[in-house]
Amino acid sequence: MRTAFILSASQAIHAAIVANEAEIESLDRAIGDGDHYVNMRRASEMIASMQSELDDQPVDVVLNKIGMKLLSTLGGASGPLFASFFMAMGKTAKENGHESLLQTAAAFAAGVQAIIQRGKAGLGEKTMLDVLIPASTTFTTLAAQDKPAKEIAEALKKTADEGLESTRNLIATKGRAAGLGERAIGHLDAGAKSCQVMIHTVCDLVLKG
Amino acid sequence: MKKFLNKVDNMLVESLSGFGTAHADLVSVNFEPTFVTRKNKAKNKVVLISGGGSGHEPLHAGYVGKGMLDAACPGQVFTSPTPDQMLAVAEATHADKGVLFIVKNYAGDVMNFEMAAEMLPFEHATVLTSDDCAVINSTYTTGRRGVAGTVIVEKCVGSLAETGADLQTCKALGDKINQRTASIGVALTSCTVPANGKPTFDISETELEMGVGIHGEPGRRREAMREADAIVGDMVAAIVADFTAKNLPLKGEILLLVNGLGATPLMELYLIYNTAAKLLGAHGCQIARSLVGNYTTAIDMAGASITVCLLDEEIKQHWDSEVHTPALRWGC
């Protein structure tokens, strides 16, 4: 993982969020409260616009700055969750390095762990973690097996798809849909959808590269 | 969507600017970061800070002033404010006796206030409000939501803080009121988040949403529209059942708050009050205090919530004390 990659990923993620507006928004309207797309667009736009401030900075500083920016501007549940993700990722990148795929997977895993802790949520609660936890496991496992980047990227896209789909038949126990009980069944979680979109986008960059 | 707005991204700033000018005798509005404080900073008291997504006006900024909050942090519409707002406002207002955050129980609000609390260089505590009895099976979820009962917590704890009470005493009163308060809301229409431009949920002319939250998040169930007495009867029954489940029988003096969610006229709110008061009276309650109006809204939703607080002498005394804020004023 290098700064230039993070910066092009942030541009691509912004474009992908905007391209998926209709789907993310309709999922949030179905079982959320209707602000998720707007906040994702606001956040991704903001990070994409940090380009000049970040472009000659080391990876850990870039990740930490993205986290701090999200913490101070995003709000909602997404703000502290994504902020914790990037800040933990930055901290691990600084301590353990970020050059190899295994180090990148470790940083990603630390980020996901920070979301688990901050959100006090786990697998099967109909949240973004239903995409992120399996993705982190896949990434760590394949990186440990020294698989090539493109193979890992393909596997991560598939894991993200399966994770997203797994939210369809879950009852939400965290987040705004938690009041719905069985009525949430049959709907995908909007936060899980955004994470699937972001993972696809980053993986597609790896596959193209 | 038909709303009074210029540019949707400027809506919050323009509205808060108007609020600040209209109530310049009571409050000051700060931008970057966004917060609202009392015009005259209080001295030597526990500082009460609340905040939450915008769209629930007058909650919370409307309750900043003597006898209630010291400050409020408005977030984007239906989106929690951020920790830097809370830290900056705590720095600007703290008065040597600690900071009490009053937070509605929503994941975003809880996490942002939690991160602010972790960074706060002063003594602090948090009262989490969770008066909404619509969310069932709360053991397995994020838990009950904080809704209109928050106003009662802010009013009474605000009164106690003015007397110079310490942080833990203020927190204890807030927790007690929260425990003794239950609310339930009903929506007849959806609200429209301005940045989205379309209704958050679809609901037909012949339906209502029982147990709706203050962001238009769905409630207990979709039901058929019926006459007001039947709807209010179900709402009161849910509140009574909630007190029973808490082993706190609903008898004796209560405060009855009928709250509009934004687009329901006072005429209908008083009609709801009329039925609710009769039903609660028949149940063995004396309605000792009442409040009817738009106090915790969901932008432009047609609908209402009923809140019952089981009073005791301490709560009643602090409810009655002097308050002077943009949205609540009595005794002065």
# chains A, B, ... in the order shown; residues from 1 in each chain; ligands from 1
>>> residues_around(residues="Asp70 of chain B", least_positions_apart="2", cutoff="9 Å", atoms="only C-alpha atoms", output="PyMOL selection string")
chain B and resi 36-38+41-42+47-50+63-68+72+93-94+158
>>> select_by_dssp(residues="segment 123-174 of chain B", states="helix (DSSP H, G or I)", output="short mmCIF file (atom, residue, chain, number, x, y, z; two decimals) with C-alpha atoms, in the first residue's frame")
data_model
loop_
_atom_site.label_atom_id
_atom_site.label_comp_id
_atom_site.auth_asym_id
_atom_site.auth_seq_id
_atom_site.Cartn_x
_atom_site.Cartn_y
_atom_site.Cartn_z
CA SER B 138 -34.39 -4.14 23.35
CA THR B 139 -32.11 -6.59 25.17
CA TYR B 140 -30.90 -7.74 21.77
CA GLY B 149 -38.77 12.51 26.95
CA THR B 150 -35.32 14.08 26.48
CA VAL B 151 -36.96 17.50 26.86
CA ILE B 152 -38.10 16.60 30.38
CA VAL B 153 -34.60 15.40 31.28
CA GLU B 154 -33.03 18.59 29.93
CA LYS B 155 -35.53 20.81 31.74
CA CYS B 156 -35.29 19.16 35.15
CA VAL B 157 -31.56 18.44 35.20
CA GLY B 158 -31.05 22.00 33.92
CA SER B 159 -32.97 23.28 36.92
CA LEU B 160 -30.99 21.13 39.34
CA ALA B 161 -27.67 22.26 37.83
CA GLU B 162 -28.60 25.91 38.44
CA LEU B 167 -22.03 16.27 38.54
CA GLN B 168 -23.08 12.90 39.96
CA THR B 169 -26.24 14.38 41.52
CA CYS B 170 -27.20 15.89 38.17
CA LYS B 171 -26.54 12.62 36.37
CA ALA B 172 -28.59 10.70 38.95
CA LEU B 173 -31.63 12.93 38.41
CA GLY B 174 -31.33 12.53 34.64
#
>>> closest_atom_pairs(of="chain B", to="chain A", cutoff="8 Å", atoms="only C-alpha atoms", output="JSON lines")
{"residue": "B:Gly53", "atom": "CA", "partner": "A:Gly76", "partner_atom": "CA", "distance": 7.8}
{"residue": "B:Gly75", "atom": "CA", "partner": "A:Gly75", "partner_atom": "CA", "distance": 7.0}
{"residue": "B:Gln76", "atom": "CA", "partner": "A:Gly75", "partner_atom": "CA", "distance": 7.7}
{"residue": "B:Val77", "atom": "CA", "partner": "A:Asp35", "partner_atom": "CA", "distance": 7.9}
{"residue": "B:Phe78", "atom": "CA", "partner": "A:Asp35", "partner_atom": "CA", "distance": 6.9}
{"residue": "B:Thr79", "atom": "CA", "partner": "A:Gly76", "partner_atom": "CA", "distance": 4.5}
{"residue": "B:Ser80", "atom": "CA", "partner": "A:Gly76", "partner_atom": "CA", "distance": 4.1}
{"residue": "B:Pro81", "atom": "CA", "partner": "A:Gly75", "partner_atom": "CA", "distance": 5.1}
{"residue": "B:Thr82", "atom": "CA", "partner": "A:Gly75", "partner_atom": "CA", "distance": 4.9}
{"residue": "B:Pro83", "atom": "CA", "partner": "A:Ser72", "partner_atom": "CA", "distance": 6.5}
{"residue": "B:Asp84", "atom": "CA", "partner": "A:Ser72", "partner_atom": "CA", "distance": 5.7}
{"residue": "B:Gln85", "atom": "CA", "partner": "A:Ser72", "partner_atom": "CA", "distance": 7.9}
{"residue": "B:Tyr106", "atom": "CA", "partner": "A:Arg176", "partner_atom": "CA", "distance": 7.6}
{"residue": "B:Ala107", "atom": "CA", "partner": "A:Ala77", "partner_atom": "CA", "distance": 5.7}
{"residue": "B:Gly108", "atom": "CA", "partner": "A:Ala77", "partner_atom": "CA", "distance": 3.4}
{"residue": "B:Asp109", "atom": "CA", "partner": "A:Gly76", "partner_atom": "CA", "distance": 6.5}
{"residue": "B:Met111", "atom": "CA", "partner": "A:Pro80", "partner_atom": "CA", "distance": 6.3}
{"residue": "B:Asn112", "atom": "CA", "partner": "A:Pro80", "partner_atom": "CA", "distance": 6.1}
{"residue": "B:Met115", "atom": "CA", "partner": "A:Pro80", "partner_atom": "CA", "distance": 7.7}
{"residue": "B:Ala134", "atom": "CA", "partner": "A:Gly179", "partner_atom": "CA", "distance": 7.8}
{"residue": "B:Val135", "atom": "CA", "partner": "A:Gly179", "partner_atom": "CA", "distance": 5.1}
{"residue": "B:Ile136", "atom": "CA", "partner": "A:Gly179", "partner_atom": "CA", "distance": 7.1}
{"residue": "B:Tyr140", "atom": "CA", "partner": "A:Thr173", "partner_atom": "CA", "distance": 6.1}
{"residue": "B:Thr141", "atom": "CA", "partner": "A:Thr173", "partner_atom": "CA", "distance": 4.2}
{"residue": "B:Thr142", "atom": "CA", "partner": "A:Lys174", "partner_atom": "CA", "distance": 5.2}
{"residue": "B:Val193", "atom": "CA", "partner": "A:Gly34", "partner_atom": "CA", "distance": 7.0}
{"residue": "B:Ala195", "atom": "CA", "partner": "A:Val38", "partner_atom": "CA", "distance": 6.9}
{"residue": "B:Asn196", "atom": "CA", "partner": "A:Val38", "partner_atom": "CA", "distance": 7.3}
{"residue": "B:Thr200", "atom": "CA", "partner": "A:Arg29", "partner_atom": "CA", "distance": 5.2}
{"residue": "B:Phe201", "atom": "CA", "partner": "A:Arg29", "partner_atom": "CA", "distance": 5.9}
{"residue": "B:His215", "atom": "CA", "partner": "A:Asp33", "partner_atom": "CA", "distance": 5.7}
{"residue": "B:Gly216", "atom": "CA", "partner": "A:Asp33", "partner_atom": "CA", "distance": 5.9}
{"residue": "B:Glu217", "atom": "CA", "partner": "A:Asp33", "partner_atom": "CA", "distance": 5.1}
{"residue": "B:Pro218", "atom": "CA", "partner": "A:Leu180", "partner_atom": "CA", "distance": 6.3}
{"residue": "B:Gly219", "atom": "CA", "partner": "A:Gly179", "partner_atom": "CA", "distance": 6.1}
{"residue": "B:Arg220", "atom": "CA", "partner": "A:Leu180", "partner_atom": "CA", "distance": 6.6}
>>> residues_around(residues="segment 127-129 of chain A", least_positions_apart="5", cutoff="7 Å", atoms="only C-alpha atoms", output="list in words")
Gly122, Asp189, Gly191, Ala192 and Cys195 of chain A
>>> select_by_dssp(residues="segment 119-271 of chain B", states="strand (DSSP E or B)", output="ChimeraX atom specification")
/B:124-129,132,181-187,192,199,207-210,221-224,252-260,262
>>> write_last_selection(atoms="C-alpha atoms", output="JSON list (two decimals), in the first residue's frame")
[["chain", "number", "residue", "atom", "x", "y", "z"],
["B", 124, "HIS", "CA", -17.62, 14.52, 32.83],
["B", 125, "ALA", "CA", -20.61, 12.21, 32.86],
["B", 126, "THR", "CA", -23.34, 11.25, 30.40],
["B", 127, "VAL", "CA", -27.09, 10.76, 30.71],
["B", 128, "LEU", "CA", -28.36, 8.53, 27.93],
["B", 129, "THR", "CA", -32.06, 9.01, 27.22],
["B", 132, "ASP", "CA", -39.11, 5.31, 23.40],
["B", 181, "THR", "CA", -40.51, 8.23, 31.36],
["B", 182, "ALA", "CA", -42.01, 6.40, 28.38],
["B", 183, "SER", "CA", -42.90, 7.65, 24.90],
["B", 184, "ILE", "CA", -44.42, 6.30, 21.72],
["B", 185, "GLY", "CA", -44.90, 7.97, 18.35],
["B", 186, "VAL", "CA", -47.21, 7.53, 15.39],
["B", 187, "ALA", "CA", -46.61, 8.75, 11.84],
["B", 192, "THR", "CA", -38.45, 14.33, 3.72],
["B", 199, "PRO", "CA", -40.01, 10.96, 1.45],
["B", 207, "GLU", "CA", -52.09, 3.57, 6.78],
["B", 208, "LEU", "CA", -50.21, 4.73, 9.86],
["B", 209, "GLU", "CA", -46.84, 3.71, 11.29],
["B", 210, "MET", "CA", -47.12, 2.80, 14.98],
["B", 221, "ARG", "CA", -45.80, -2.10, 12.70],
["B", 222, "ARG", "CA", -47.76, -0.67, 9.82],
["B", 223, "GLU", "CA", -51.41, -0.43, 10.73],
["B", 224, "ALA", "CA", -54.68, 0.68, 9.19],
["B", 252, "GLY", "CA", -50.47, 9.04, 40.85],
["B", 253, "GLU", "CA", -49.12, 12.28, 39.48],
["B", 254, "ILE", "CA", -47.78, 12.38, 35.94],
["B", 255, "LEU", "CA", -46.52, 14.84, 33.38],
["B", 256, "LEU", "CA", -48.29, 14.33, 30.03],
["B", 257, "LEU", "CA", -46.45, 15.60, 26.96],
["B", 258, "VAL", "CA", -48.20, 15.45, 23.59],
["B", 259, "ASN", "CA", -45.57, 16.28, 20.99],
["B", 260, "GLY", "CA", -46.06, 17.10, 17.33],
["B", 262, "GLY", "CA", -43.62, 18.62, 12.60]]
